[in-house]
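Source file: run26.pdb; contents: PDB, C-alpha atoms, pLDDT in the B column.
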```
ATOM      1  CA  MET A   1    -128.880 -51.698  70.069  1.00 42.00           C
ATOM      2  CA  LEU A   2    -126.213 -49.179  70.925  1.00 42.00           C
ATOM      3  CA  GLY A   3    -127.070 -46.989  67.939  1.00 41.00           C
ATOM      4  CA  ILE A   4    -130.553 -46.376  69.397  1.00 47.00           C
ATOM      5  CA  PHE A   5    -129.620 -45.572  72.980  1.00 45.00           C
ATOM      6  CA  SER A   6    -126.153 -43.996  72.706  1.00 62.00           C
ATOM      7  CA  SER A   7    -125.606 -40.395  71.771  1.00 84.00           C
ATOM      8  CA  PHE A   8    -123.886 -39.629  68.472  1.00 90.00           C
ATOM      9  CA  ASP A   9    -122.420 -36.128  68.198  1.00 92.00           C
ATOM     10  CA  LYS A  10    -121.687 -35.526  64.533  1.00 93.00           C
ATOM     11  CA  HIS A  11    -119.536 -32.460  65.218  1.00 95.00           C
ATOM     12  CA  LYS A  12    -117.317 -34.265  67.749  1.00 95.00           C
ATOM     13  CA  ALA A  13    -117.122 -37.323  65.509  1.00 96.00           C
ATOM     14  CA  LYS A  14    -116.008 -35.274  62.508  1.00 96.00           C
ATOM     15  CA  ALA A  15    -113.439 -33.368  64.583  1.00 96.00           C
ATOM     16  CA  ASN A  16    -112.056 -36.637  65.962  1.00 96.00           C
ATOM     17  CA  LEU A  17    -111.874 -38.091  62.446  1.00 97.00           C
ATOM     18  CA  LYS A  18    -109.696 -35.156  61.361  1.00 97.00           C
ATOM     19  CA  ILE A  19    -107.420 -35.663  64.377  1.00 97.00           C
ATOM     20  CA  CYS A  20    -107.315 -39.399  63.652  1.00 97.00           C
ATOM     21  CA  GLN A  21    -106.234 -38.735  60.071  1.00 96.00           C
ATOM     22  CA  SER A  22    -103.386 -36.518  61.280  1.00 97.00           C
ATOM     23  CA  ARG A  23    -102.323 -39.080  63.889  1.00 97.00           C
ATOM     24  CA  ILE A  24    -102.172 -41.823  61.258  1.00 98.00           C
ATOM     25  CA  GLY A  25     -99.805 -39.646  59.212  1.00 97.00           C
ATOM     26  CA  LEU A  26     -97.613 -39.015  62.264  1.00 97.00           C
ATOM     27  CA  MET A  27     -97.444 -42.728  63.095  1.00 97.00           C
ATOM     28  CA  LYS A  28     -96.533 -43.526  59.504  1.00 97.00           C
ATOM     29  CA  ASN A  29     -93.646 -41.021  59.593  1.00 98.00           C
ATOM     30  CA  LYS A  30     -92.504 -42.373  62.964  1.00 97.00           C
ATOM     31  CA  THR A  31     -92.455 -45.913  61.571  1.00 97.00           C
ATOM     32  CA  ILE A  32     -90.490 -44.770  58.509  1.00 98.00           C
ATOM     33  CA  GLN A  33     -87.816 -43.468  60.897  1.00 97.00           C
ATOM     34  CA  LEU A  34     -87.854 -46.795  62.757  1.00 97.00           C
ATOM     35  CA  VAL A  35     -87.292 -48.614  59.462  1.00 97.00           C
ATOM     36  CA  GLU A  36     -84.149 -46.582  58.791  1.00 96.00           C
ATOM     37  CA  LYS A  37     -82.845 -47.309  62.291  1.00 97.00           C
ATOM     38  CA  THR A  38     -83.584 -51.023  61.921  1.00 97.00           C
ATOM     39  CA  LYS A  39     -81.738 -51.101  58.584  1.00 96.00           C
ATOM     40  CA  ASN A  40     -78.704 -49.486  60.238  1.00 95.00           C
ATOM     41  CA  ASP A  41     -78.841 -52.037  63.072  1.00 96.00           C
ATOM     42  CA  ILE A  42     -79.041 -54.873  60.538  1.00 95.00           C
ATOM     43  CA  GLY A  43     -76.017 -53.463  58.703  1.00 93.00           C
ATOM     44  CA  ILE A  44     -73.979 -53.484  61.925  1.00 94.00           C
ATOM     45  CA  VAL A  45     -74.672 -57.148  62.719  1.00 93.00           C
ATOM     46  CA  MET A  46     -74.220 -58.179  59.079  1.00 92.00           C
ATOM     47  CA  ARG A  47     -70.768 -56.555  58.985  1.00 90.00           C
ATOM     48  CA  ALA A  48     -69.968 -58.483  62.188  1.00 91.00           C
ATOM     49  CA  ASN A  49     -71.125 -61.652  60.382  1.00 89.00           C
ATOM     50  CA  LYS A  50     -73.802 -62.298  63.042  1.00 92.00           C
ATOM     51  CA  ILE A  51     -76.225 -63.933  60.633  1.00 91.00           C
ATOM     52  CA  GLU A  52     -78.784 -65.224  63.134  1.00 93.00           C
ATOM     53  CA  GLN A  53     -79.089 -61.807  64.775  1.00 95.00           C
ATOM     54  CA  ALA A  54     -79.506 -60.253  61.340  1.00 94.00           C
ATOM     55  CA  LYS A  55     -82.341 -62.683  60.552  1.00 94.00           C
ATOM     56  CA  VAL A  56     -84.175 -61.713  63.739  1.00 95.00           C
ATOM     57  CA  LYS A  57     -83.825 -58.022  62.951  1.00 96.00           C
ATOM     58  CA  VAL A  58     -85.045 -58.568  59.382  1.00 96.00           C
ATOM     59  CA  GLU A  59     -88.299 -59.972  60.782  1.00 96.00           C
ATOM     60  CA  ILE A  60     -88.694 -56.712  62.698  1.00 96.00           C
ATOM     61  CA  LEU A  61     -87.931 -54.751  59.533  1.00 97.00           C
ATOM     62  CA  LEU A  62     -90.512 -56.642  57.494  1.00 96.00           C
ATOM     63  CA  ARG A  63     -93.137 -56.027  60.177  1.00 96.00           C
ATOM     64  CA  GLU A  64     -92.343 -52.301  60.239  1.00 96.00           C
ATOM     65  CA  GLU A  65     -92.559 -52.075  56.444  1.00 96.00           C
ATOM     66  CA  MET A  66     -95.955 -53.750  56.510  1.00 96.00           C
ATOM     67  CA  LEU A  67     -97.089 -51.344  59.205  1.00 97.00           C
ATOM     68  CA  ILE A  68     -96.161 -48.392  56.965  1.00 98.00           C
ATOM     69  CA  GLU A  69     -98.356 -49.856  54.216  1.00 97.00           C
ATOM     70  CA  ALA A  70    -101.159 -50.356  56.750  1.00 98.00           C
ATOM     71  CA  TYR A  71    -100.931 -46.698  57.835  1.00 98.00           C
ATOM     72  CA  GLU A  72    -101.088 -45.644  54.183  1.00 98.00           C
ATOM     73  CA  THR A  73    -104.272 -47.696  53.739  1.00 98.00           C
ATOM     74  CA  LEU A  74    -105.796 -46.321  56.947  1.00 98.00           C
ATOM     75  CA  GLY A  75    -104.913 -42.804  55.851  1.00 97.00           C
ATOM     76  CA  CYS A  76    -106.737 -43.292  52.543  1.00 97.00           C
ATOM     77  CA  LEU A  77    -109.773 -44.799  54.283  1.00 98.00           C
ATOM     78  CA  SER A  78    -110.015 -41.978  56.812  1.00 97.00           C
ATOM     79  CA  GLU A  79    -109.636 -39.407  54.029  1.00 97.00           C
ATOM     80  CA  LEU A  80    -112.477 -41.054  52.085  1.00 97.00           C
ATOM     81  CA  LEU A  81    -114.704 -41.147  55.158  1.00 97.00           C
ATOM     82  CA  LEU A  82    -114.041 -37.471  55.832  1.00 97.00           C
ATOM     83  CA  ALA A  83    -114.855 -36.566  52.237  1.00 97.00           C
ATOM     84  CA  ARG A  84    -118.164 -38.461  52.478  1.00 96.00           C
ATOM     85  CA  PHE A  85    -118.989 -37.579  56.079  1.00 96.00           C
ATOM     86  CA  SER A  86    -122.195 -35.822  55.057  1.00 96.00           C
ATOM     87  CA  MET A  87    -123.615 -39.313  54.395  1.00 96.00           C
ATOM     88  CA  VAL A  88    -122.807 -40.294  57.987  1.00 95.00           C
ATOM     89  CA  GLU A  89    -124.516 -37.136  59.221  1.00 93.00           C
ATOM     90  CA  THR A  90    -127.712 -37.537  57.188  1.00 92.00           C
ATOM     91  CA  GLU A  91    -128.337 -41.293  56.791  1.00 92.00           C
ATOM     92  CA  LYS A  92    -129.522 -43.387  59.735  1.00 91.00           C
ATOM     93  CA  ALA A  93    -128.277 -46.734  58.471  1.00 94.00           C
ATOM     94  CA  CYS A  94    -124.709 -47.343  57.362  1.00 95.00           C
ATOM     95  CA  PRO A  95    -124.579 -46.526  53.616  1.00 95.00           C
ATOM     96  CA  LEU A  96    -123.390 -49.422  51.469  1.00 95.00           C
ATOM     97  CA  GLU A  97    -120.855 -47.068  49.834  1.00 95.00           C
ATOM     98  CA  LEU A  98    -119.222 -46.520  53.243  1.00 97.00           C
ATOM     99  CA  LYS A  99    -119.560 -49.960  54.813  1.00 97.00           C
ATOM    100  CA  GLU A 100    -116.128 -51.327  53.832  1.00 97.00           C
ATOM    101  CA  ILE A 101    -114.448 -48.067  54.863  1.00 97.00           C
ATOM    102  CA  ILE A 102    -116.184 -47.943  58.242  1.00 98.00           C
ATOM    103  CA  CYS A 103    -115.803 -51.654  59.028  1.00 98.00           C
ATOM    104  CA  SER A 104    -112.114 -51.629  58.068  1.00 98.00           C
ATOM    105  CA  LEU A 105    -111.435 -48.671  60.375  1.00 98.00           C
ATOM    106  CA  ILE A 106    -113.387 -50.351  63.185  1.00 97.00           C
ATOM    107  CA  TRP A 107    -111.486 -53.639  62.737  1.00 97.00           C
ATOM    108  CA  ALA A 108    -108.101 -51.894  62.682  1.00 98.00           C
ATOM    109  CA  SER A 109    -108.809 -49.784  65.781  1.00 96.00           C
ATOM    110  CA  HIS A 110    -107.466 -52.422  68.199  1.00 94.00           C
ATOM    111  CA  ARG A 111    -104.604 -53.482  65.968  1.00 95.00           C
ATOM    112  CA  VAL A 112    -102.670 -50.214  65.765  1.00 96.00           C
ATOM    113  CA  ASP A 113    -101.566 -47.914  68.579  1.00 94.00           C
ATOM    114  CA  ILE A 114    -103.780 -44.929  67.741  1.00 96.00           C
ATOM    115  CA  GLN A 115    -106.149 -43.845  70.513  1.00 96.00           C
ATOM    116  CA  GLU A 116    -108.068 -41.536  68.177  1.00 96.00           C
ATOM    117  CA  LEU A 117    -108.964 -44.540  66.011  1.00 97.00           C
ATOM    118  CA  LYS A 118    -110.426 -46.296  69.057  1.00 96.00           C
ATOM    119  CA  THR A 119    -112.466 -43.156  69.771  1.00 96.00           C
ATOM    120  CA  LEU A 120    -113.630 -43.124  66.146  1.00 96.00           C
ATOM    121  CA  LYS A 121    -114.749 -46.747  66.519  1.00 96.00           C
ATOM    122  CA  GLN A 122    -116.855 -45.724  69.506  1.00 95.00           C
ATOM    123  CA  ASP A 123    -118.323 -42.775  67.570  1.00 96.00           C
ATOM    124  CA  LEU A 124    -119.294 -45.076  64.686  1.00 96.00           C
ATOM    125  CA  THR A 125    -120.674 -47.687  67.089  1.00 95.00           C
ATOM    126  CA  ASN A 126    -122.805 -44.995  68.717  1.00 94.00           C
ATOM    127  CA  LYS A 127    -124.092 -44.083  65.266  1.00 95.00           C
ATOM    128  CA  TYR A 128    -124.725 -47.515  63.750  1.00 95.00           C
ATOM    129  CA  GLY A 129    -124.930 -49.871  66.733  1.00 93.00           C
ATOM    130  CA  SER A 130    -122.762 -52.652  68.113  1.00 94.00           C
ATOM    131  CA  GLY A 131    -123.919 -55.054  65.403  1.00 95.00           C
ATOM    132  CA  LEU A 132    -121.739 -53.386  62.772  1.00 95.00           C
ATOM    133  CA  SER A 133    -118.663 -53.573  65.018  1.00 95.00           C
ATOM    134  CA  ALA A 134    -119.365 -57.252  65.690  1.00 96.00           C
ATOM    135  CA  GLU A 135    -119.709 -57.911  61.948  1.00 97.00           C
ATOM    136  CA  ALA A 136    -116.378 -56.196  61.274  1.00 97.00           C
ATOM    137  CA  GLU A 137    -114.597 -58.279  63.929  1.00 96.00           C
ATOM    138  CA  LYS A 138    -116.190 -61.501  62.691  1.00 97.00           C
ATOM    139  CA  ASP A 139    -115.332 -60.861  59.029  1.00 96.00           C
ATOM    140  CA  GLY A 140    -111.779 -59.824  59.907  1.00 96.00           C
ATOM    141  CA  GLN A 141    -111.274 -63.007  61.921  1.00 95.00           C
ATOM    142  CA  LYS A 142    -112.631 -65.190  59.098  1.00 95.00           C
ATOM    143  CA  LEU A 143    -110.272 -63.525  56.612  1.00 95.00           C
ATOM    144  CA  THR A 144    -107.317 -63.910  58.967  1.00 94.00           C
ATOM    145  CA  VAL A 145    -107.910 -67.647  59.347  1.00 94.00           C
ATOM    146  CA  ALA A 146    -108.528 -68.176  55.612  1.00 93.00           C
ATOM    147  CA  ILE A 147    -105.376 -66.287  54.601  1.00 91.00           C
ATOM    148  CA  ALA A 148    -103.256 -68.188  57.157  1.00 90.00           C
ATOM    149  CA  THR A 149    -104.602 -71.521  55.869  1.00 90.00           C
ATOM    150  CA  LEU A 150    -103.893 -70.647  52.228  1.00 88.00           C
ATOM    151  CA  GLU A 151    -100.374 -69.397  52.961  1.00 85.00           C
ATOM    152  CA  SER A 152     -99.441 -72.400  55.089  1.00 82.00           C
ATOM    153  CA  GLY A 153    -100.811 -74.835  52.517  1.00 80.00           C
ATOM    154  CA  THR A 154    -102.314 -76.961  55.294  1.00 81.00           C
ATOM    155  CA  GLY A 155    -105.906 -77.625  56.250  1.00 83.00           C
ATOM    156  CA  ASP A 156    -108.979 -77.302  54.069  1.00 87.00           C
ATOM    157  CA  ILE A 157    -107.629 -75.222  51.170  1.00 88.00           C
ATOM    158  CA  VAL A 158    -110.876 -75.258  49.180  1.00 89.00           C
ATOM    159  CA  SER A 159    -112.980 -74.012  52.099  1.00 92.00           C
ATOM    160  CA  ALA A 160    -110.345 -71.379  52.938  1.00 91.00           C
ATOM    161  CA  GLU A 161    -110.298 -70.045  49.363  1.00 90.00           C
ATOM    162  CA  MET A 162    -114.097 -69.937  49.270  1.00 91.00           C
ATOM    163  CA  GLU A 163    -114.118 -68.106  52.601  1.00 92.00           C
ATOM    164  CA  ARG A 164    -111.574 -65.594  51.302  1.00 92.00           C
ATOM    165  CA  ARG A 165    -113.678 -64.935  48.215  1.00 91.00           C
ATOM    166  CA  ALA A 166    -116.948 -64.628  50.122  1.00 92.00           C
ATOM    167  CA  PRO A 167    -118.178 -61.013  50.535  1.00 92.00           C
ATOM    168  CA  LYS A 168    -116.617 -59.324  53.566  1.00 94.00           C
ATOM    169  CA  CYS A 169    -117.082 -55.865  55.049  1.00 96.00           C
ATOM    170  CA  VAL A 170    -113.370 -55.549  55.948  1.00 97.00           C
ATOM    171  CA  ARG A 171    -110.715 -54.853  53.307  1.00 97.00           C
ATOM    172  CA  GLU A 172    -108.583 -57.945  52.686  1.00 96.00           C
ATOM    173  CA  SER A 173    -105.366 -56.026  52.001  1.00 96.00           C
ATOM    174  CA  LEU A 174    -105.608 -54.373  55.425  1.00 97.00           C
ATOM    175  CA  VAL A 175    -106.157 -57.720  57.148  1.00 97.00           C
ATOM    176  CA  ARG A 176    -103.041 -59.096  55.417  1.00 95.00           C
ATOM    177  CA  LEU A 177    -100.971 -56.121  56.571  1.00 96.00           C
ATOM    178  CA  LEU A 178    -102.107 -56.143  60.207  1.00 96.00           C
ATOM    179  CA  SER A 179    -102.240 -59.915  60.799  1.00 90.00           C
ATOM    180  CA  TYR A 180     -98.807 -61.004  61.988  1.00 84.00           C
ATOM    181  CA  ARG A 181     -97.425 -64.159  60.437  1.00 85.00           C
ATOM    182  CA  ILE A 182     -93.862 -65.470  60.687  1.00 88.00           C
ATOM    183  CA  PRO A 183     -92.054 -64.718  57.398  1.00 90.00           C
ATOM    184  CA  SER A 184     -90.680 -67.626  55.400  1.00 88.00           C
ATOM    185  CA  PRO A 185     -86.938 -68.399  55.417  1.00 89.00           C
ATOM    186  CA  GLU A 186     -86.918 -67.591  51.672  1.00 89.00           C
ATOM    187  CA  LEU A 187     -88.225 -64.093  52.338  1.00 90.00           C
ATOM    188  CA  VAL A 188     -85.824 -63.446  55.237  1.00 92.00           C
ATOM    189  CA  CYS A 189     -82.756 -64.611  53.292  1.00 90.00           C
ATOM    190  CA  GLY A 190     -83.832 -62.734  50.175  1.00 90.00           C
ATOM    191  CA  ARG A 191     -84.281 -59.523  52.149  1.00 92.00           C
ATOM    192  CA  LEU A 192     -80.855 -59.892  53.774  1.00 92.00           C
ATOM    193  CA  ASN A 193     -79.216 -60.493  50.392  1.00 91.00           C
ATOM    194  CA  LYS A 194     -80.923 -57.402  48.985  1.00 92.00           C
ATOM    195  CA  LEU A 195     -79.786 -55.291  51.951  1.00 93.00           C
ATOM    196  CA  ALA A 196     -76.227 -56.567  51.452  1.00 91.00           C
ATOM    197  CA  GLU A 197     -76.409 -55.336  47.853  1.00 90.00           C
ATOM    198  CA  GLU A 198     -77.799 -51.953  48.866  1.00 91.00           C
ATOM    199  CA  MET A 199     -75.120 -51.506  51.536  1.00 90.00           C
ATOM    200  CA  LYS A 200     -72.379 -52.827  49.205  1.00 88.00           C
ATOM    201  CA  LEU A 201     -71.084 -55.167  51.904  1.00 84.00           C
ATOM    202  CA  GLU A 202     -67.737 -56.631  50.899  1.00 79.00           C
ATOM    203  CA  GLY A 203     -67.231 -60.346  51.412  1.00 74.00           C
ATOM    204  CA  TRP A 204     -70.949 -61.040  51.942  1.00 78.00           C
ATOM    205  CA  GLU A 205     -71.823 -64.596  50.942  1.00 76.00           C
ATOM    206  CA  MET A 206     -75.306 -64.788  49.488  1.00 78.00           C
ATOM    207  CA  LEU A 207     -77.598 -66.705  51.821  1.00 77.00           C
ATOM    208  CA  VAL A 208     -79.310 -69.721  50.328  1.00 71.00           C
ATOM    209  CA  PRO A 209     -82.604 -70.460  52.093  1.00 67.00           C
ATOM    210  CA  PRO A 210     -83.748 -74.023  52.762  1.00 63.00           C
ATOM    211  CA  ARG A 211     -85.754 -75.589  49.988  1.00 62.00           C
ATOM    212  CA  PRO A 212     -89.394 -74.475  50.255  1.00 57.00           C
ATOM    213  CA  PRO A 213     -92.113 -77.105  50.618  1.00 55.00           C
ATOM    214  CA  SER A 214     -93.871 -78.225  47.477  1.00 55.00           C
ATOM    215  CA  PRO A 215     -96.939 -76.141  46.630  1.00 57.00           C
ATOM    216  CA  VAL A 216    -100.321 -77.570  47.461  1.00 59.00           C
ATOM    217  CA  GLN A 217    -101.722 -79.573  44.547  1.00 60.00           C
ATOM    218  CA  LEU A 218    -105.485 -79.354  44.176  1.00 63.00           C
ATOM    219  CA  THR A 219    -107.458 -82.113  42.522  1.00 66.00           C
ATOM    220  CA  PRO A 220    -109.411 -81.267  39.336  1.00 73.00           C
ATOM    221  CA  GLU A 221    -112.615 -81.506  41.386  1.00 70.00           C
ATOM    222  CA  GLU A 222    -111.291 -78.968  43.913  1.00 66.00           C
ATOM    223  CA  GLU A 223    -110.173 -76.614  41.124  1.00 68.00           C
ATOM    224  CA  GLN A 224    -113.630 -76.830  39.572  1.00 66.00           C
ATOM    225  CA  GLN A 225    -115.274 -76.242  42.941  1.00 66.00           C
ATOM    226  CA  ILE A 226    -113.240 -73.071  43.527  1.00 65.00           C
ATOM    227  CA  SER A 227    -113.651 -71.803  39.948  1.00 68.00           C
ATOM    228  CA  GLU A 228    -117.422 -71.910  40.321  1.00 66.00           C
ATOM    229  CA  PHE A 229    -117.293 -69.706  43.417  1.00 63.00           C
ATOM    230  CA  PRO A 230    -117.886 -65.991  42.593  1.00 61.00           C
ATOM    231  CA  VAL A 231    -114.868 -63.666  42.737  1.00 57.00           C
ATOM    232  CA  PRO A 232    -115.456 -60.440  44.726  1.00 54.00           C
ATOM    233  CA  PRO A 233    -115.082 -57.031  43.033  1.00 49.00           C
ATOM    234  CA  GLY A 234    -111.409 -56.187  42.457  1.00 46.00           C
ATOM    235  CA  GLY A 235    -110.390 -59.748  41.607  1.00 46.00           C
ATOM    236  CA  ALA A 236    -108.789 -62.461  43.645  1.00 41.00           C
ATOM    237  CA  PRO A 237    -105.135 -61.786  44.459  1.00 40.00           C
ATOM    238  CA  GLY A 238    -102.826 -64.765  44.475  1.00 38.00           C
ATOM    239  CA  ARG A 239    -101.295 -66.290  47.539  1.00 36.00           C
ATOM    240  CA  GLN A 240     -98.571 -64.277  49.198  1.00 40.00           C
ATOM    241  CA  SER A 241     -95.222 -65.825  49.933  1.00 38.00           C
ATOM    242  CA  GLY A 242     -94.284 -66.226  53.570  1.00 42.00           C
ATOM    243  CA  GLY A 243     -97.200 -64.208  54.921  1.00 44.00           C
ATOM    244  CA  TYR A 244     -95.963 -60.889  53.539  1.00 42.00           C
ATOM    245  CA  PRO A 245     -97.205 -58.958  50.504  1.00 40.00           C
ATOM    246  CA  GLY A 246     -95.138 -59.297  47.388  1.00 38.00           C
ATOM    247  CA  GLY A 247     -93.123 -62.358  48.337  1.00 39.00           C
ATOM    248  CA  PRO A 248     -89.316 -62.422  48.457  1.00 35.00           C
ATOM    249  CA  PRO A 249     -87.533 -59.383  46.966  1.00 35.00           C
TER
END
```
Output the structure of this file as structure tokens.
Amino acid sequence: MLGIFSSFDKHKAKANLKICQSRIGLMKNKTIQLVEKTKNDIGIVMRANKIEQAKVKVEILLREEMLIEAYETLGCLSELLLARFSMVETEKACPLELKEIICSLIWASHRVDIQELKTLKQDLTNKYGSGLSAEAEKDGQKLTVAIATLESGTGDIVSAEMERRAPKCVRESLVRLLSYRIPSPELVCGRLNKLAEEMKLEGWEMLVPPRPPSPVQLTPEEEQQISEFPVPPGGAPGRQSGGYPGGPP
């Protein structure tokens, strides 16, 4: 395995982790600025009554807002890892207390534009071997598919819910934030209406989204089957509307 034959330099790894933490903060601030610019752009097309253009730009806005939340999560995870780095230095195997933190950072490394996070992934792979990186990718992919199935309401809902509840080494909230899914018309229209309120746009007619599909109805047997499956620590959050945390504003 990689962890046996590759060199792990604890001093370089710790220094890179500190740089990574700073870079995450910079990217978060940069994205906050992008959000303000996107809101201004949306205001311009809304005042020109270009509704379809406004809807497209709102999708961009929602993605940027999710990215800010993802950077906040990554910042917390990197801060925790730095605070507990002595465990990385002294223990040969990945400590259970750090596994979710490490796997979540590894999984996110190729989903955000932060080179230092990719370097950190390599440092951690050198320390613990390629098997941990493979486990993080596999668990992240399983969560992504399960979440998409539950939110779409199509496919094997029972199996998807059981898969979501099954123990994973990657944090579910981070997977939700970094897995792109097209927002629902209800969410897009609701966000535009809220922006119109915030901007005090005169003459804005509230958008009424198309009627959402009926929620998936589980049979009593399916409900029983899911209820018997163990819930992971922290509880089981409900389905999110339109693929974005929190649902329509």
Contacts of Glu91 of chain A at 12 Å or less, counting only C-alpha atoms, minus same-chain residues fewer than 5 places along, as a short mmCIF file (atom, residue, chain, number, x, y, z; two decimals) with C-alpha atoms, in the frame of the given file?
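Output file out_21.cif is given in full below:
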```cif
data_model
loop_
_atom_site.label_atom_id
_atom_site.label_comp_id
_atom_site.auth_asym_id
_atom_site.auth_seq_id
_atom_site.Cartn_x
_atom_site.Cartn_y
_atom_site.Cartn_z
CA LYS A 10 -121.69 -35.53 64.53
CA ARG A 84 -118.16 -38.46 52.48
CA PHE A 85 -118.99 -37.58 56.08
CA SER A 86 -122.20 -35.82 55.06
CA LEU A 96 -123.39 -49.42 51.47
CA GLU A 97 -120.86 -47.07 49.83
CA LEU A 98 -119.22 -46.52 53.24
CA LYS A 127 -124.09 -44.08 65.27
CA TYR A 128 -124.72 -47.52 63.75
#
```
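Nearest residue to Ile32 of chain A among A:Leu17, A:Leu81, A:Ile68, A:Ile60 is A:Ile68, counting all atoms listed in the file.
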Open item on the list: Going by the chain IDs and residue numbers used in this file, which residues fall under the PyMOL selection byres ((chain A and resi 168) around 12)? Write them as an MDAnalysis selection string.
Closed with: chainID A and resid 99:101 103:104 107 135:144 162:167 169:173 175 231:233
Selected residues written out, C-alpha atoms, as a PDB file, in the frame of the given file:
```pdb
ATOM      1  CA  LYS A  99    -119.560 -49.960  54.813  1.00 97.00           C
ATOM      2  CA  GLU A 100    -116.128 -51.327  53.832  1.00 97.00           C
ATOM      3  CA  ILE A 101    -114.448 -48.067  54.863  1.00 97.00           C
ATOM      4  CA  CYS A 103    -115.803 -51.654  59.028  1.00 98.00           C
ATOM      5  CA  SER A 104    -112.114 -51.629  58.068  1.00 98.00           C
ATOM      6  CA  TRP A 107    -111.486 -53.639  62.737  1.00 97.00           C
ATOM      7  CA  GLU A 135    -119.709 -57.911  61.948  1.00 97.00           C
ATOM      8  CA  ALA A 136    -116.378 -56.196  61.274  1.00 97.00           C
ATOM      9  CA  GLU A 137    -114.597 -58.279  63.929  1.00 96.00           C
ATOM     10  CA  LYS A 138    -116.190 -61.501  62.691  1.00 97.00           C
ATOM     11  CA  ASP A 139    -115.332 -60.861  59.029  1.00 96.00           C
ATOM     12  CA  GLY A 140    -111.779 -59.824  59.907  1.00 96.00           C
ATOM     13  CA  GLN A 141    -111.274 -63.007  61.921  1.00 95.00           C
ATOM     14  CA  LYS A 142    -112.631 -65.190  59.098  1.00 95.00           C
ATOM     15  CA  LEU A 143    -110.272 -63.525  56.612  1.00 95.00           C
ATOM     16  CA  THR A 144    -107.317 -63.910  58.967  1.00 94.00           C
ATOM     17  CA  MET A 162    -114.097 -69.937  49.270  1.00 91.00           C
ATOM     18  CA  GLU A 163    -114.118 -68.106  52.601  1.00 92.00           C
ATOM     19  CA  ARG A 164    -111.574 -65.594  51.302  1.00 92.00           C
ATOM     20  CA  ARG A 165    -113.678 -64.935  48.215  1.00 91.00           C
ATOM     21  CA  ALA A 166    -116.948 -64.628  50.122  1.00 92.00           C
ATOM     22  CA  PRO A 167    -118.178 -61.013  50.535  1.00 92.00           C
ATOM     23  CA  CYS A 169    -117.082 -55.865  55.049  1.00 96.00           C
ATOM     24  CA  VAL A 170    -113.370 -55.549  55.948  1.00 97.00           C
ATOM     25  CA  ARG A 171    -110.715 -54.853  53.307  1.00 97.00           C
ATOM     26  CA  GLU A 172    -108.583 -57.945  52.686  1.00 96.00           C
ATOM     27  CA  SER A 173    -105.366 -56.026  52.001  1.00 96.00           C
ATOM     28  CA  VAL A 175    -106.157 -57.720  57.148  1.00 97.00           C
ATOM     29  CA  VAL A 231    -114.868 -63.666  42.737  1.00 57.00           C
ATOM     30  CA  PRO A 232    -115.456 -60.440  44.726  1.00 54.00           C
ATOM     31  CA  PRO A 233    -115.082 -57.031  43.033  1.00 49.00           C
TER      32      PRO A 233
END
```
TODO: Please measure the separation of atom CA of Thr154 of chain A and atom CA of Val208 of chain A, giving the value in Å to one decimal.
DONE: 24.6 Å
Task: Residue neighbourhood Gly25 of chain A, 9 Å, all atoms listed in the file, exclusion window fewer than 3 positions, as an MDAnalysis selection string - done: chainID A and resid 20:22 28:30 71:72 75
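Computed from the coordinates, the atom CA of Lys14 of chain A to atom CA of Leu174 of chain A distance equals 22.9 Å.
Here atom CA of Glu79 of chain A stands at a distance of 15.5 Å from atom CA of Leu124 of chain A.
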- [ ] Just the residues within 12 Å of segment 34-49 of chain A, please, counting only C-alpha atoms, with nothing from its chain fewer than 2 positions along; format it as a VMD selection string.
- [x] chain A and resid 27 to 32 51 to 68 191 to 207
Target residues per the PyMOL selection byres ((chain A and resi 110) around 12), formatted as a PDB file with C-alpha atoms, in the frame of the given file:
```pdb
ATOM      1  CA  SER A 104    -112.114 -51.629  58.068  1.00 98.00           C
ATOM      2  CA  LEU A 105    -111.435 -48.671  60.375  1.00 98.00           C
ATOM      3  CA  ILE A 106    -113.387 -50.351  63.185  1.00 97.00           C
ATOM      4  CA  TRP A 107    -111.486 -53.639  62.737  1.00 97.00           C
ATOM      5  CA  ALA A 108    -108.101 -51.894  62.682  1.00 98.00           C
ATOM      6  CA  SER A 109    -108.809 -49.784  65.781  1.00 96.00           C
ATOM      7  CA  ARG A 111    -104.604 -53.482  65.968  1.00 95.00           C
ATOM      8  CA  VAL A 112    -102.670 -50.214  65.765  1.00 96.00           C
ATOM      9  CA  ASP A 113    -101.566 -47.914  68.579  1.00 94.00           C
ATOM     10  CA  ILE A 114    -103.780 -44.929  67.741  1.00 96.00           C
ATOM     11  CA  GLN A 115    -106.149 -43.845  70.513  1.00 96.00           C
ATOM     12  CA  GLU A 116    -108.068 -41.536  68.177  1.00 96.00           C
ATOM     13  CA  LEU A 117    -108.964 -44.540  66.011  1.00 97.00           C
ATOM     14  CA  LYS A 118    -110.426 -46.296  69.057  1.00 96.00           C
ATOM     15  CA  THR A 119    -112.466 -43.156  69.771  1.00 96.00           C
ATOM     16  CA  LEU A 120    -113.630 -43.124  66.146  1.00 96.00           C
ATOM     17  CA  LYS A 121    -114.749 -46.747  66.519  1.00 96.00           C
ATOM     18  CA  GLN A 122    -116.855 -45.724  69.506  1.00 95.00           C
ATOM     19  CA  SER A 133    -118.663 -53.573  65.018  1.00 95.00           C
ATOM     20  CA  ALA A 136    -116.378 -56.196  61.274  1.00 97.00           C
ATOM     21  CA  GLU A 137    -114.597 -58.279  63.929  1.00 96.00           C
ATOM     22  CA  GLY A 140    -111.779 -59.824  59.907  1.00 96.00           C
ATOM     23  CA  LEU A 178    -102.107 -56.143  60.207  1.00 96.00           C
ATOM     24  CA  SER A 179    -102.240 -59.915  60.799  1.00 90.00           C
TER      25      SER A 179
END
```
- [ ] Using all atoms listed in the file, pick whichever of A:Ile19, A:Ala134, A:Val158, A:Leu74 has the shortest atom-to-atom distance to Glu221 of chain A.
- [x] A:Val158
